[in-house]
Every structure is written in structure tokens, then in C-alpha cells.
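Data from protein_21.cif: mmCIF, C-alpha atoms and all ligand atoms
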```cif
data_structure
#
loop_
_atom_site.label_atom_id
_atom_site.label_comp_id
_atom_site.auth_asym_id
_atom_site.auth_seq_id
_atom_site.Cartn_x
_atom_site.Cartn_y
_atom_site.Cartn_z
CA MET A 608 0.00 0.00 0.00
CA GLN A 609 1.27 3.48 -0.74
CA VAL A 610 2.13 5.45 2.38
CA HIS A 611 -0.20 8.30 1.46
CA GLU A 612 -3.16 5.87 1.34
CA ARG A 613 -2.38 4.27 4.65
CA LEU A 614 -5.02 4.14 7.33
CA PRO A 615 -4.07 5.43 10.76
CA LEU A 616 -1.68 2.96 12.39
CA ILE A 617 -3.05 0.84 15.20
CA ALA A 618 -0.88 1.47 18.24
CA LEU A 619 -0.99 -1.73 20.27
CA GLU A 620 -0.25 -1.83 23.96
CA ARG A 621 -0.68 -5.48 24.85
CA GLY A 622 -2.26 -8.79 23.96
CA GLU A 623 -4.59 -10.97 25.98
CA GLY A 624 -5.53 -14.33 24.46
CA PRO A 625 -7.14 -13.68 21.08
CA TRP A 626 -7.45 -9.96 21.87
CA LEU A 627 -5.13 -7.13 20.91
CA ILE A 628 -5.53 -4.04 23.05
CA GLU A 629 -4.85 -0.61 21.63
CA ALA A 630 -3.17 2.15 23.61
CA ASN A 631 -6.59 3.88 23.80
CA GLY A 632 -8.16 0.78 25.35
CA GLN A 633 -10.00 -0.41 22.21
CA ARG A 634 -10.06 -4.24 22.13
CA LEU A 635 -9.61 -6.00 18.79
CA LEU A 636 -10.31 -9.68 18.31
CA ASP A 637 -7.39 -10.96 16.24
CA GLY A 638 -9.38 -12.64 13.47
CA ILE A 639 -6.30 -13.32 11.33
CA SER A 640 -3.89 -14.56 14.00
CA SER A 641 -1.59 -11.59 13.34
CA TRP A 642 -0.65 -12.66 9.80
CA TRP A 643 -1.44 -16.31 10.51
CA VAL A 644 1.24 -16.83 13.15
CA ASN A 645 -0.54 -16.67 16.48
CA LEU A 646 -2.11 -20.05 17.23
CA PHE A 647 -2.83 -19.93 20.95
CA GLY A 648 -3.47 -16.30 21.75
CA HIS A 649 -1.24 -13.41 22.71
CA ALA A 650 0.76 -13.37 25.94
CA ASN A 651 0.14 -17.09 26.26
CA PRO A 652 1.41 -18.06 29.74
CA ARG A 653 2.57 -21.55 28.73
CA ILE A 654 4.65 -20.43 25.76
CA GLY A 655 5.88 -17.40 27.72
CA ALA A 656 7.03 -19.59 30.63
CA ALA A 657 8.88 -21.98 28.30
CA VAL A 658 10.70 -19.13 26.58
CA GLY A 659 11.41 -17.45 29.94
CA ALA A 660 12.96 -20.62 31.36
CA GLN A 661 15.11 -21.08 28.26
CA LEU A 662 16.19 -17.44 28.53
CA GLN A 663 17.80 -18.27 31.88
CA GLN A 664 19.67 -21.20 30.39
CA LEU A 665 20.91 -20.49 26.85
CA GLU A 666 19.59 -17.68 24.70
CA HIS A 667 21.55 -18.43 21.54
CA ALA A 668 24.49 -20.34 20.18
CA MET A 669 25.60 -20.91 16.63
CA LEU A 670 24.44 -24.18 15.18
CA ALA A 671 27.69 -24.78 13.27
CA GLY A 672 29.69 -27.30 15.26
CA CYS A 673 27.34 -26.87 18.25
CA THR A 674 23.97 -28.26 19.12
CA HIS A 675 21.55 -27.97 22.04
CA ALA A 676 18.60 -29.79 23.55
CA PRO A 677 15.75 -27.59 22.19
CA VAL A 678 16.82 -28.00 18.54
CA VAL A 679 17.42 -31.75 18.92
CA GLU A 680 14.10 -32.30 20.68
CA LEU A 681 12.20 -30.21 18.16
CA SER A 682 13.76 -32.04 15.20
CA GLU A 683 12.89 -35.40 16.73
CA ARG A 684 9.30 -34.40 17.48
CA LEU A 685 8.67 -32.92 14.04
CA SER A 686 10.15 -35.95 12.30
CA ALA A 687 7.97 -38.19 14.48
CA LEU A 688 4.92 -36.22 13.32
CA THR A 689 5.78 -37.32 9.77
CA ASN A 690 6.28 -40.94 10.92
CA GLN A 691 9.95 -40.43 10.02
CA ALA A 692 9.06 -39.94 6.33
CA LEU A 693 10.81 -36.57 6.66
CA GLY A 694 13.51 -37.44 9.15
CA HIS A 695 15.84 -34.45 8.74
CA CYS A 696 15.36 -30.79 9.68
CA PHE A 697 17.19 -27.68 8.47
CA TYR A 698 16.59 -24.44 10.35
CA ALA A 699 16.20 -20.76 9.46
CA SER A 700 14.28 -17.78 10.80
CA ASP A 701 11.47 -16.92 8.38
CA GLY A 702 9.28 -18.40 5.71
CA ALA A 703 10.99 -16.97 2.64
CA SER A 704 14.35 -18.33 3.86
CA ALA A 705 12.82 -21.79 4.23
CA ILE A 706 11.73 -21.62 0.59
CA GLU A 707 15.22 -20.48 -0.47
CA ILE A 708 16.67 -23.45 1.40
CA ALA A 709 14.30 -25.95 -0.21
CA LEU A 710 15.03 -24.58 -3.71
CA LYS A 711 18.80 -24.54 -3.20
CA MET A 712 18.83 -27.94 -1.53
CA SER A 713 16.76 -29.47 -4.31
CA HIS A 714 19.08 -28.22 -7.05
CA HIS A 715 22.17 -29.14 -5.04
CA ALA A 716 20.91 -32.65 -4.28
CA TRP A 717 20.33 -33.27 -8.01
CA ARG A 718 23.76 -31.80 -8.75
CA ASN A 719 25.39 -34.12 -6.24
CA ASP A 720 23.59 -36.96 -7.99
CA GLY A 721 25.24 -35.98 -11.28
CA ARG A 722 22.33 -33.95 -12.69
CA PRO A 723 23.43 -30.29 -12.50
CA GLU A 724 21.17 -29.38 -15.42
CA LYS A 725 18.15 -29.59 -13.08
CA ARG A 726 18.09 -25.90 -12.19
CA GLU A 727 14.58 -24.78 -13.12
CA PHE A 728 11.53 -24.71 -10.87
CA ALA A 729 7.78 -24.92 -11.31
CA CYS A 730 5.08 -23.28 -9.21
CA VAL A 731 1.29 -23.07 -9.25
CA HIS A 732 -0.71 -20.20 -10.72
CA GLY A 733 -1.49 -17.70 -7.95
CA GLY A 734 0.97 -19.23 -5.46
CA TYR A 735 2.87 -17.10 -2.93
CA HIS A 736 6.12 -18.16 -1.30
CA GLY A 737 7.76 -15.02 0.11
CA GLU A 738 9.58 -11.86 -0.82
CA THR A 739 13.26 -12.76 -1.22
CA LEU A 740 14.46 -13.08 -4.81
CA GLY A 741 14.44 -16.89 -4.88
CA ALA A 742 11.02 -17.08 -3.25
CA LEU A 743 9.62 -14.38 -5.57
CA GLY A 744 10.89 -16.38 -8.55
CA VAL A 745 8.42 -19.15 -7.62
CA THR A 746 5.67 -16.71 -6.62
CA ASP A 747 2.86 -15.98 -9.06
CA VAL A 748 1.30 -12.89 -7.51
CA PRO A 749 2.04 -10.08 -9.99
CA LEU A 750 1.63 -7.34 -7.37
CA PHE A 751 4.66 -8.59 -5.44
CA ARG A 752 6.64 -10.14 -8.29
CA ASP A 753 6.46 -7.97 -11.37
CA VAL A 754 8.47 -4.92 -10.21
CA TYR A 755 11.42 -7.22 -9.57
CA ALA A 756 10.97 -9.35 -12.70
CA ALA A 757 14.35 -8.24 -14.07
CA LEU A 758 16.10 -9.69 -10.99
CA LEU A 759 14.34 -13.05 -10.87
CA HIS A 760 14.96 -16.58 -12.04
CA PRO A 761 11.34 -17.11 -13.09
CA ALA A 762 9.65 -20.46 -12.57
CA HIS A 763 7.32 -22.32 -14.93
CA VAL A 764 3.76 -21.60 -13.79
CA VAL A 765 1.22 -24.44 -13.99
CA ALA A 766 -2.57 -24.09 -14.11
CA SER A 767 -4.56 -23.39 -10.97
CA PRO A 768 -6.48 -26.23 -9.29
CA ASP A 769 -8.86 -23.59 -7.83
CA ALA A 770 -11.98 -25.44 -6.63
CA ARG A 771 -14.20 -22.47 -7.64
CA GLN A 772 -13.81 -23.30 -11.34
CA ALA A 773 -16.84 -24.34 -13.36
CA ASP A 774 -15.94 -28.04 -13.46
CA GLY A 775 -15.71 -28.20 -9.65
CA PRO A 776 -12.87 -29.24 -7.33
CA ILE A 777 -12.16 -32.65 -8.89
CA GLY A 778 -12.31 -31.41 -12.48
CA ALA A 779 -10.08 -28.44 -11.62
CA ALA A 780 -7.55 -30.67 -9.81
CA ARG A 781 -7.43 -33.08 -12.77
CA ARG A 782 -7.03 -30.29 -15.32
CA ALA A 783 -4.21 -28.68 -13.35
CA ALA A 784 -2.48 -32.06 -13.06
CA VAL A 785 -2.72 -32.50 -16.86
CA ASP A 786 -0.96 -29.15 -17.20
CA VAL A 787 1.79 -30.30 -14.82
CA GLU A 788 2.24 -33.47 -16.87
CA ARG A 789 2.46 -31.43 -20.08
CA LEU A 790 5.22 -29.31 -18.54
CA PHE A 791 7.09 -32.28 -17.08
CA ALA A 792 6.91 -34.21 -20.37
CA GLU A 793 8.71 -31.27 -22.01
CA ARG A 794 11.13 -30.07 -19.34
CA ALA A 795 11.43 -32.47 -16.39
CA GLY A 796 15.08 -33.03 -17.30
CA GLN A 797 15.75 -29.40 -16.37
CA ILE A 798 13.24 -29.00 -13.50
CA ALA A 799 14.57 -29.62 -10.00
CA ALA A 800 11.34 -29.09 -8.05
CA LEU A 801 7.73 -27.99 -8.09
CA VAL A 802 6.53 -25.90 -5.16
CA VAL A 803 2.93 -25.86 -3.96
CA GLU A 804 0.90 -24.47 -1.05
CA PRO A 805 -1.06 -27.59 -0.05
CA LEU A 806 -4.88 -27.23 0.09
CA VAL A 807 -5.02 -23.41 0.34
CA GLN A 808 -3.10 -20.70 -1.48
CA CYS A 809 -3.32 -18.07 1.20
CA ALA A 810 -1.81 -14.74 0.10
CA GLY A 811 -3.12 -15.39 -3.43
CA GLY A 812 -6.66 -14.95 -2.07
CA MET A 813 -7.52 -18.05 0.01
CA VAL A 814 -7.79 -20.23 -3.09
CA MET A 815 -8.66 -23.79 -2.06
CA HIS A 816 -8.16 -27.04 -3.96
CA ASP A 817 -9.03 -30.69 -3.59
CA PRO A 818 -6.41 -33.01 -2.00
CA LEU A 819 -6.55 -34.96 -5.27
CA PHE A 820 -4.27 -32.30 -6.78
CA LEU A 821 -1.56 -33.13 -4.22
CA ARG A 822 -1.88 -36.86 -4.87
CA GLU A 823 -1.54 -36.23 -8.61
CA LEU A 824 1.52 -34.03 -7.99
CA ARG A 825 3.13 -36.77 -5.93
CA VAL A 826 2.61 -39.33 -8.72
CA LEU A 827 3.89 -36.98 -11.43
CA CYS A 828 6.91 -35.82 -9.41
CA ASP A 829 7.86 -39.48 -8.82
CA ARG A 830 7.30 -40.43 -12.44
CA TYR A 831 9.31 -37.53 -13.88
CA GLU A 832 11.94 -37.30 -11.10
CA VAL A 833 11.08 -33.82 -9.87
CA HIS A 834 11.18 -32.92 -6.16
CA LEU A 835 7.91 -31.85 -4.57
CA ILE A 836 8.20 -28.90 -2.16
CA ALA A 837 5.19 -28.39 0.13
CA ASP A 838 5.07 -24.84 1.44
CA GLU A 839 3.18 -25.36 4.71
CA ILE A 840 4.35 -22.04 6.12
CA ALA A 841 0.76 -20.78 6.33
CA VAL A 842 -1.25 -24.01 6.13
CA GLY A 843 0.81 -26.18 8.50
CA CYS A 844 0.34 -26.51 12.27
CA GLY A 845 -3.29 -27.55 12.19
CA ARG A 846 -4.61 -24.69 10.06
CA THR A 847 -6.34 -26.95 7.53
CA GLY A 848 -7.61 -29.46 10.11
CA SER A 849 -4.67 -31.91 10.18
CA PHE A 850 -1.28 -31.00 11.64
CA PHE A 851 0.27 -30.99 8.14
CA ALA A 852 -2.01 -30.17 5.21
CA CYS A 853 -0.33 -32.92 3.12
CA GLU A 854 -1.73 -35.55 5.50
CA GLN A 855 -5.19 -34.99 4.02
CA ALA A 856 -3.89 -36.18 0.66
CA GLY A 857 -2.03 -39.11 2.22
CA ILE A 858 1.28 -38.00 0.72
CA TRP A 859 4.64 -36.68 1.92
CA PRO A 860 6.60 -34.19 -0.15
CA ASP A 861 10.37 -34.28 -0.58
CA PHE A 862 10.68 -30.97 1.28
CA LEU A 863 8.17 -29.53 3.73
CA CYS A 864 8.60 -25.88 4.79
CA LEU A 865 7.19 -24.77 8.15
CA SER A 866 7.26 -21.35 9.81
CA LYS A 867 4.69 -18.85 11.17
CA GLY A 868 2.58 -20.84 13.67
CA ILE A 869 5.27 -23.36 14.60
CA SER A 870 6.59 -21.03 17.32
CA GLY A 871 3.02 -20.14 18.34
CA GLY A 872 3.72 -16.74 16.81
CA TYR A 873 6.29 -15.98 19.49
CA LEU A 874 9.65 -15.90 17.76
CA PRO A 875 10.93 -16.06 14.19
CA LEU A 876 11.62 -19.65 13.21
CA SER A 877 11.43 -21.77 10.08
CA ILE A 878 12.23 -25.37 9.34
CA VAL A 879 12.68 -27.39 6.17
CA LEU A 880 11.98 -31.07 6.70
CA THR A 881 13.34 -33.52 4.17
CA ARG A 882 13.87 -37.21 3.39
CA ASP A 883 16.79 -39.57 3.98
CA GLU A 884 17.61 -39.64 0.24
CA VAL A 885 18.13 -35.87 0.17
CA TYR A 886 20.24 -35.96 3.34
CA GLU A 887 22.36 -38.74 1.88
CA ALA A 888 22.97 -36.79 -1.33
CA PHE A 889 24.98 -34.32 0.77
CA TYR A 890 26.75 -36.82 3.03
CA SER A 891 30.37 -36.73 1.90
CA THR A 892 33.89 -35.66 2.83
CA ASP A 893 33.90 -33.22 -0.12
CA SER A 894 32.92 -29.72 1.05
CA ALA A 895 31.61 -28.80 -2.42
CA ARG A 896 28.94 -31.45 -1.89
CA ALA A 897 27.93 -29.94 1.47
CA PHE A 898 24.96 -27.64 1.93
CA LEU A 899 26.82 -24.49 2.97
CA HIS A 900 23.84 -22.37 3.92
CA SER A 901 23.42 -20.79 7.31
CA HIS A 902 21.67 -17.98 9.12
CA SER A 903 23.01 -16.40 12.31
CA TYR A 904 19.88 -17.33 14.26
CA THR A 905 19.53 -20.81 12.78
CA GLY A 906 17.89 -23.11 15.34
CA ASN A 907 17.71 -20.38 17.98
CA PRO A 908 17.06 -22.08 21.36
CA LEU A 909 14.38 -19.59 22.46
CA ALA A 910 12.44 -20.05 19.22
CA CYS A 911 12.82 -23.84 19.44
CA ARG A 912 11.50 -23.76 23.04
CA ALA A 913 8.51 -21.72 21.87
CA ALA A 914 7.93 -24.36 19.18
CA LEU A 915 8.20 -27.21 21.69
CA ALA A 916 5.68 -25.45 23.96
CA THR A 917 3.42 -25.08 20.91
CA LEU A 918 3.65 -28.82 20.20
CA ASP A 919 2.93 -29.54 23.89
CA ILE A 920 -0.26 -27.49 23.67
CA PHE A 921 -1.32 -29.39 20.54
CA GLU A 922 -0.87 -32.67 22.40
CA HIS A 923 -2.18 -31.85 25.87
CA ASP A 924 -5.18 -29.79 24.76
CA ARG A 925 -6.09 -32.13 21.88
CA VAL A 926 -6.20 -29.03 19.73
CA LEU A 927 -7.07 -30.70 16.42
CA GLN A 928 -10.10 -32.38 18.01
CA GLN A 929 -11.15 -29.19 19.84
CA ASN A 930 -10.90 -27.24 16.59
CA LEU A 931 -13.58 -29.50 15.07
CA GLN A 932 -16.02 -28.10 17.60
CA ARG A 933 -14.71 -24.52 17.44
CA GLY A 934 -14.81 -24.63 13.66
CA ALA A 935 -18.35 -26.01 13.56
CA GLN A 936 -19.49 -23.19 15.87
CA LEU A 937 -18.03 -20.46 13.70
CA ASP A 938 -19.31 -22.21 10.59
CA ALA A 939 -22.86 -22.09 11.90
CA LEU A 940 -22.50 -18.43 12.85
CA LEU A 941 -21.28 -17.52 9.36
CA ARG A 942 -24.01 -19.51 7.61
CA PRO A 943 -26.24 -16.45 6.94
CA LEU A 944 -23.54 -15.25 4.53
CA HIS A 945 -24.63 -18.08 2.21
CA GLU A 946 -27.91 -16.21 1.74
CA ASP A 947 -26.24 -12.81 1.27
CA ALA A 948 -26.56 -11.69 -2.34
CA ARG A 949 -23.35 -9.64 -2.06
CA VAL A 950 -21.29 -12.70 -1.17
CA ALA A 951 -19.92 -15.43 -3.44
CA ASN A 952 -17.92 -18.61 -2.82
CA LEU A 953 -18.18 -18.82 0.96
CA ARG A 954 -15.62 -21.54 1.60
CA ARG A 955 -13.80 -23.21 4.44
CA CYS A 956 -10.80 -25.44 4.96
CA GLY A 957 -10.18 -26.34 8.61
CA MET A 958 -9.64 -23.07 10.48
CA ILE A 959 -9.69 -20.87 7.37
CA TRP A 960 -12.89 -19.23 6.13
CA ALA A 961 -13.15 -16.97 3.08
CA PHE A 962 -15.67 -15.36 0.77
CA ASP A 963 -15.53 -13.08 -2.24
CA VAL A 964 -17.54 -9.91 -2.59
CA ARG A 965 -19.48 -9.89 -5.85
CA ARG A 966 -18.42 -7.36 -8.43
CA GLN A 967 -21.89 -5.77 -8.58
CA ALA A 968 -21.88 -5.14 -4.82
CA LEU A 969 -18.40 -3.60 -5.07
CA GLU A 970 -19.43 -1.34 -7.93
CA GLN A 971 -22.49 -0.08 -6.08
CA ALA A 972 -20.42 0.76 -3.00
CA ARG A 973 -18.46 3.94 -2.36
CA SER A 974 -15.27 2.08 -3.24
CA GLY A 975 -16.71 2.05 -6.79
CA GLY A 976 -15.42 -1.39 -7.77
CA ASN A 977 -11.90 -0.78 -6.47
CA HIS A 978 -10.81 -3.92 -4.63
CA GLU A 979 -8.04 -2.25 -2.63
CA ALA A 980 -10.33 0.61 -1.56
CA PHE A 981 -12.85 -2.00 -0.40
CA ALA A 982 -10.16 -3.83 1.60
CA ARG A 983 -9.17 -0.58 3.34
CA ARG A 984 -12.76 0.33 4.13
CA TYR A 985 -13.46 -3.16 5.49
CA PHE A 986 -10.31 -3.10 7.64
CA ALA A 987 -11.29 0.29 9.13
CA ALA A 988 -14.89 -0.85 9.71
CA ALA A 989 -13.79 -4.05 11.45
CA ARG A 990 -11.40 -2.09 13.64
CA ALA A 991 -14.17 0.27 14.70
CA LEU A 992 -16.35 -2.76 15.49
CA GLY A 993 -13.62 -4.49 17.51
CA ALA A 994 -11.77 -6.95 15.29
CA LEU A 995 -8.56 -7.16 13.29
CA LEU A 996 -9.59 -8.32 9.81
CA ARG A 997 -7.66 -7.54 6.66
CA PRO A 998 -9.21 -8.66 3.36
CA ILE A 999 -7.04 -9.57 0.39
CA GLY A 1000 -8.60 -7.27 -2.22
CA SER A 1001 -12.27 -8.21 -2.29
CA THR A 1002 -11.73 -11.55 -0.57
CA VAL A 1003 -12.61 -11.43 3.11
CA TYR A 1004 -11.11 -14.19 5.22
CA LEU A 1005 -10.92 -15.36 8.82
CA MET A 1006 -7.96 -17.27 10.27
CA PRO A 1007 -8.52 -17.00 14.01
CA PRO A 1008 -6.26 -18.35 16.76
CA TYR A 1009 -7.31 -21.78 18.06
CA VAL A 1010 -8.67 -20.43 21.35
CA LEU A 1011 -11.97 -18.68 20.61
CA ASP A 1012 -14.88 -19.52 22.90
CA GLN A 1013 -18.54 -19.31 21.88
CA SER A 1014 -18.90 -15.60 22.69
CA GLU A 1015 -15.68 -14.72 20.86
CA ASN A 1016 -16.83 -16.71 17.84
CA GLU A 1017 -20.11 -14.78 17.99
CA HIS A 1018 -18.25 -11.47 18.14
CA LEU A 1019 -16.05 -12.44 15.20
CA ALA A 1020 -18.99 -13.55 13.06
CA SER A 1021 -21.01 -10.46 13.89
CA VAL A 1022 -18.11 -8.09 13.08
CA THR A 1023 -17.48 -9.97 9.83
CA ARG A 1024 -21.04 -9.32 8.71
CA ALA A 1025 -21.44 -5.79 10.07
CA ALA A 1026 -18.13 -4.65 8.55
CA LEU A 1027 -19.42 -5.84 5.19
CA ASP A 1028 -22.46 -3.54 5.54
CA LEU A 1029 -20.22 -0.59 6.40
CA ALA A 1030 -17.60 -1.28 3.73
CA LEU A 1031 -20.24 -1.73 1.01
CA ALA A 1032 -22.32 1.31 1.97
CA PRO A 1033 -23.11 3.40 -1.11
C1 LIG B 1101 2.65 -19.78 1.96
C2 LIG B 1101 3.69 -18.79 2.39
N1 LIG B 1101 4.97 -19.03 2.08
C3 LIG B 1101 5.96 -18.19 2.46
C4 LIG B 1101 5.68 -17.05 3.17
C5 LIG B 1101 6.80 -16.13 3.57
O1 LIG B 1101 7.00 -16.17 4.95
P1 LIG B 1101 7.77 -14.97 5.67
O2 LIG B 1101 6.85 -13.79 5.59
O3 LIG B 1101 7.99 -15.44 7.06
O4 LIG B 1101 9.04 -14.77 4.91
C6 LIG B 1101 4.36 -16.75 3.49
C7 LIG B 1101 4.03 -15.52 4.22
O5 LIG B 1101 2.91 -15.07 4.28
C8 LIG B 1101 3.33 -17.64 3.09
O6 LIG B 1101 2.04 -17.42 3.37
#
```
Before anything else, please render the file you have as C-alpha cells.
Ligand SMILES: Cc1ncc(COP(=O)(O)O)c(C=O)c1O
Amino acid sequence: MQVHERLPLIALERGEGPWLIEANGQRLLDGISSWWVNLFGHANPRIGAAVGAQLQQLEHAMLAGCTHAPVVELSERLSALTNQALGHCFYASDGASAIEIALKMSHHAWRNDGRPEKREFACVHGGYHGETLGALGVTDVPLFRDVYAALLHPAHVVASPDARQADGPIGAARRAAVDVERLFAERAGQIAALVVEPLVQCAGGMVMHDPLFLRELRVLCDRYEVHLIADEIAVGCGRTGSFFACEQAGIWPDFLCLSKGISGGYLPLSIVLTRDEVYEAFYSTDSARAFLHSHSYTGNPLACRAALATLDIFEHDRVLQQNLQRGAQLDALLRPLHEDARVANLRRCGMIWAFDVRRQALEQARSGGNHEAFARRYFAAARALGALLRPIGSTVYLMPPYVLDQSENEHLASVTRAALDLALAP
């Protein structure tokens, strides 16, 4: 957004569970988990205590030639969550860096296997993977990508499996898979990896697809010897209903990128999980075959402790099961939107809800058909009504923390609807 168009900044003083509290006392229900990172509420005492205890013990140490209990324990627990299918973890501090690592590691693993010509990548129409140059190269959101086009190593873009298409979720998944096969038949010899956001493309506008697409990708990647990179930075950690989104398709990728919610939204952390075969491709006495990639805060002990506390909450509170009930509650409260003539494609995947505002409704509103103006008006209206909601253009979505009780769900649903009235006022 241009600075001159910016709405007044929200000056936050503190957080309290799912609530953010402004300096002026206004309480905002965090309906988007603060950019999809905050899973268990702000100022969560359990995560805070775990980080506090670690702070007294070891705040940071380099992970080159050193190791420590939090990073070992976290690696073991994450690998166990994949039933050891992805038994190796590589650490960084943010989502885009995890994508960079997966791309570099994929190319380098092929290179170590005697196939250096595999240096191209494929991504899915509308996918978003971060803002660094490597991540933007596999991102298909023109708003973020196009200004930097001259600097990028652009990926091949395959058709969208968007379930909203006329032939429905299965038809769309099949058609997109046919497009992947067409590309692989031509260029698999040069393509190292295909990167996908499993089940929901988030920043691209909460675009959902059938798990069939992921199964088809797995088959095609195996057949044509292309690595599959699952970007679960936004959709991992229970967001789609299972801990990893890929579980719903019954597949494991070759690389799985996690970030955002894994630390409960407490500290920057990202992890790339990968298979034995990839690990072994680097295992050598030759340093040119080694993966020489590091970040200063790689595997930071405080961030790993926050992640371990997050995994403890998942286990002890049976979060995935509890979310079934929480999700059903919010679903019922949002049901009237199905009857709202201004709303199209009300959709849900696990703890993500989204709908699109119809073009006619946008054109009749004061925003005059301008999607960004609508998003700003909606954001301001929601703030005034007591919630943090930030549409992507004319797509309104909810991604709440996994802690809302019935009355908070009611508040969120009522703000969602009332903000629509205000934002679409003529
Ligand atoms: C799917 C996906 N991948 C990658 C990223 C980049 O993560 P970060 O902002 O931590 O670099 C994001 C961020 O929104 C994302 O949603």
C-alpha cells in the first residue's frame, strides 16, 4: 500500500488471548492470528514460561559445530509427526528463507547426484512463497513479483487447481495435473522441483483445492523425477484441520517448509523437513557437496522452546479435536452469509474461512469497484467494530487463533457481517 493511502496505524499496547488491546483501550479480536502466526493467543502463559525458562539457560548459540537440547528435541518431534518420512530438519528464521533453502537444496541434491542441469523450478498459478528473490521467482502474484521481474529466475507456472472453477474441485484438480504433466513431459530433465501451497493458497486470495491435486503431484513428481516442495508455512500446524495439510492427501513431499505458527507466533523460526535420500545426497567428505547455507539465528534455542511449547499445547489440549467443535461453531454463525446476495464462494478449509464480494456489490459501493479501496474500508470498519480483519482485495477471510470460545466466535462472526455492511455502503 502506498504510504499516502495508509489508514491510521493501530498502536498496540498489549495482547490478551485472542485480543489485541490498543493504547486507547480499544479491544480488537485478532481474526487473522496476526498474519497467521498466532495459534494460541497473545501473551500465552505456557509459551511465555517456556521461553522465559530457556532465557535463563541459553539464549543463543551458533548451530555450526554446536547443538543444544531444544533443537534436537524439536527435530525429533517434528520428524515423528511425519512418521519419520521426513527425518531431517534444516533451520532458518522466516518463511521466505525456508523456501530459499528448499530450492537450493533441491538443485544441489540433483547436482550431487550428477544432474546439474536440473536448475529450473515450477510453481502453481497464484501461489505465494515469500519476498526474497528466490522465493519471488516461484511466486505468481504479480503485485509482489512484477516490479522485480528483471532480478528473478522465473519459474514455470502451472494451471490453478482452484476449486471455484466451473468443473468443480475434482475437475479443476485433474485439469491442473494435466498441465503439470504437459510441462514435465517437455522439461522435467531441467526441472529440479515444483513448489505448492497444499490445500489453500493463502496470500493469493484463500484459493482452495481438492487433495486430489496433491496426490496427482506426488505421482507426477515421482514419475518424472522432480522434487515436490510443500510450502506449509501458512497451512501447516493444524490450520487446515490436520497438523500438516499434506496428511489430508495421504502424501509426503520431498521438502516440507514450516514457519509462522510453529513457534506459536512468538519468535521467528522456520524449518525445512526432508527425506533420507536428500540428506544422503549431501553426506560426503567433499565440502563442495555440502549444503553451505546458514543464518546467524539458525535453530535459535528460544524459538525452538517456543515451538516445543506449541507442540505440547497441541498434544495436551487435543487441539485438532477441539478445533472441530470450534470450527463447527463459527461455521454455523457464518451460515447467513450463504444467503447474502453480495457474497460469493463462501468456503472453508479447517480453520480458514473466506468469501468473495461480488463485483456488482463492489461497484455499487463507495469504493466504486476498487478492490483495494474495499479492503481498506473493510479493515477500518472491522477495527471500529472491535476486530482485526484484513481482506485480500475483495476476498474477506478469517484465520482465528485456536482459542476462541462461543462468545468470541459470535463477536467475530457479527463483526465480519457488520463490517461488510459498512464497507459496502453506497
Ligand atoms: C505460503 C507462504 N509461504 C511463504 C511465506 C513467507 O513467509 P515470511 O513472511 O515469514 O518470509 C508466506 C508468508 O505469508 C506464506 O504465506
Shell around region 900-910 of chain A at 7 Å using all atoms listed in the file, local window under 5 positions removed, as a PyMOL selection string: chain A and resi 658+661-662+665-667+669-670+677-678+698-700+870+874-876
Saved selection, atoms kept: C-alpha atoms, as a JSON list (two decimals), keeping the file's coordinate frame:
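Wrote it out as out.json, contents follow:
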```json
[["chain", "number", "residue", "atom", "x", "y", "z"],
["A", 658, "VAL", "CA", 10.70, -19.13, 26.58],
["A", 661, "GLN", "CA", 15.11, -21.08, 28.26],
["A", 662, "LEU", "CA", 16.19, -17.44, 28.53],
["A", 665, "LEU", "CA", 20.91, -20.49, 26.85],
["A", 666, "GLU", "CA", 19.59, -17.68, 24.70],
["A", 667, "HIS", "CA", 21.55, -18.43, 21.54],
["A", 669, "MET", "CA", 25.60, -20.91, 16.63],
["A", 670, "LEU", "CA", 24.44, -24.18, 15.18],
["A", 677, "PRO", "CA", 15.75, -27.59, 22.19],
["A", 678, "VAL", "CA", 16.82, -28.00, 18.54],
["A", 698, "TYR", "CA", 16.59, -24.44, 10.35],
["A", 699, "ALA", "CA", 16.20, -20.76, 9.46],
["A", 700, "SER", "CA", 14.28, -17.78, 10.80],
["A", 870, "SER", "CA", 6.59, -21.03, 17.32],
["A", 874, "LEU", "CA", 9.65, -15.90, 17.76],
["A", 875, "PRO", "CA", 10.93, -16.06, 14.19],
["A", 876, "LEU", "CA", 11.62, -19.65, 13.21]]
```
Got a sec to check which residues lie within 9 Å of ligand LIG 1101 (chain B), using only C-alpha atoms and all ligand atoms, and send them as a ChimeraX atom specification? /A:642-643,700-706,734-739,742,803-805,807-811,838-842,864-867,875-877
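Distances to Ile869 (chain A) were evaluated for A:Phe850, A:Tyr886, A:Tyr985, A:Phe728 using only C-alpha atoms, and the minimum falls at A:Phe850.
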One decimal, in Å: what's the spacing between CA of Ala766 (chain A) and CA of Ala837 (chain A)?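 Taking CA of Ala766 (chain A) and CA of Ala837 (chain A), their separation equals 16.8 Å.
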Suppose you want the space between CA of Cys730 (chain A) and CA of Met1006 (chain A); what is it in Å?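 If I compute the distance from CA of Cys730 (chain A) to CA of Met1006 (chain A), I get 24.2 Å.
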One number please: CA of Leu740 (chain A) to CA of Gln797 (chain A), in Å, one decimal.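 CA of Gln797 (chain A) lies at a distance of 20.0 Å from CA of Leu740 (chain A).
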Applying 10 Å and all atoms listed in the file, which residues near Leu758 (chain A) remain after dropping the ones on its own chain fewer than 2 positions away? List them as a PDB file with C-alpha atoms, in the frame of the given file.
```pdb
ATOM      1  CA  LEU A 740      14.460 -13.080  -4.810  1.00  0.00           C
ATOM      2  CA  GLY A 741      14.440 -16.890  -4.880  1.00  0.00           C
ATOM      3  CA  LEU A 743       9.620 -14.380  -5.570  1.00  0.00           C
ATOM      4  CA  GLY A 744      10.890 -16.380  -8.550  1.00  0.00           C
ATOM      5  CA  ARG A 752       6.640 -10.140  -8.290  1.00  0.00           C
ATOM      6  CA  ASP A 753       6.460  -7.970 -11.370  1.00  0.00           C
ATOM      7  CA  VAL A 754       8.470  -4.920 -10.210  1.00  0.00           C
ATOM      8  CA  TYR A 755      11.420  -7.220  -9.570  1.00  0.00           C
ATOM      9  CA  ALA A 756      10.970  -9.350 -12.700  1.00  0.00           C
ATOM     10  CA  HIS A 760      14.960 -16.580 -12.040  1.00  0.00           C
ATOM     11  CA  PRO A 761      11.340 -17.110 -13.090  1.00  0.00           C
TER      12      PRO A 761
END
```
Nearest to Arg983 (chain A) by atom-to-atom distance, counting all atoms listed in the file, from A:Gly624, A:Gly638, A:Gly845, A:Gly1000: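 Closest residue, counting all atoms listed in the file: A:Gly1000.
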Which residue of A:Leu1029, A:Ala1020, A:Val1010, A:Val926 approaches Phe647 (chain A) most closely, using all atoms listed in the file: A:Val1010
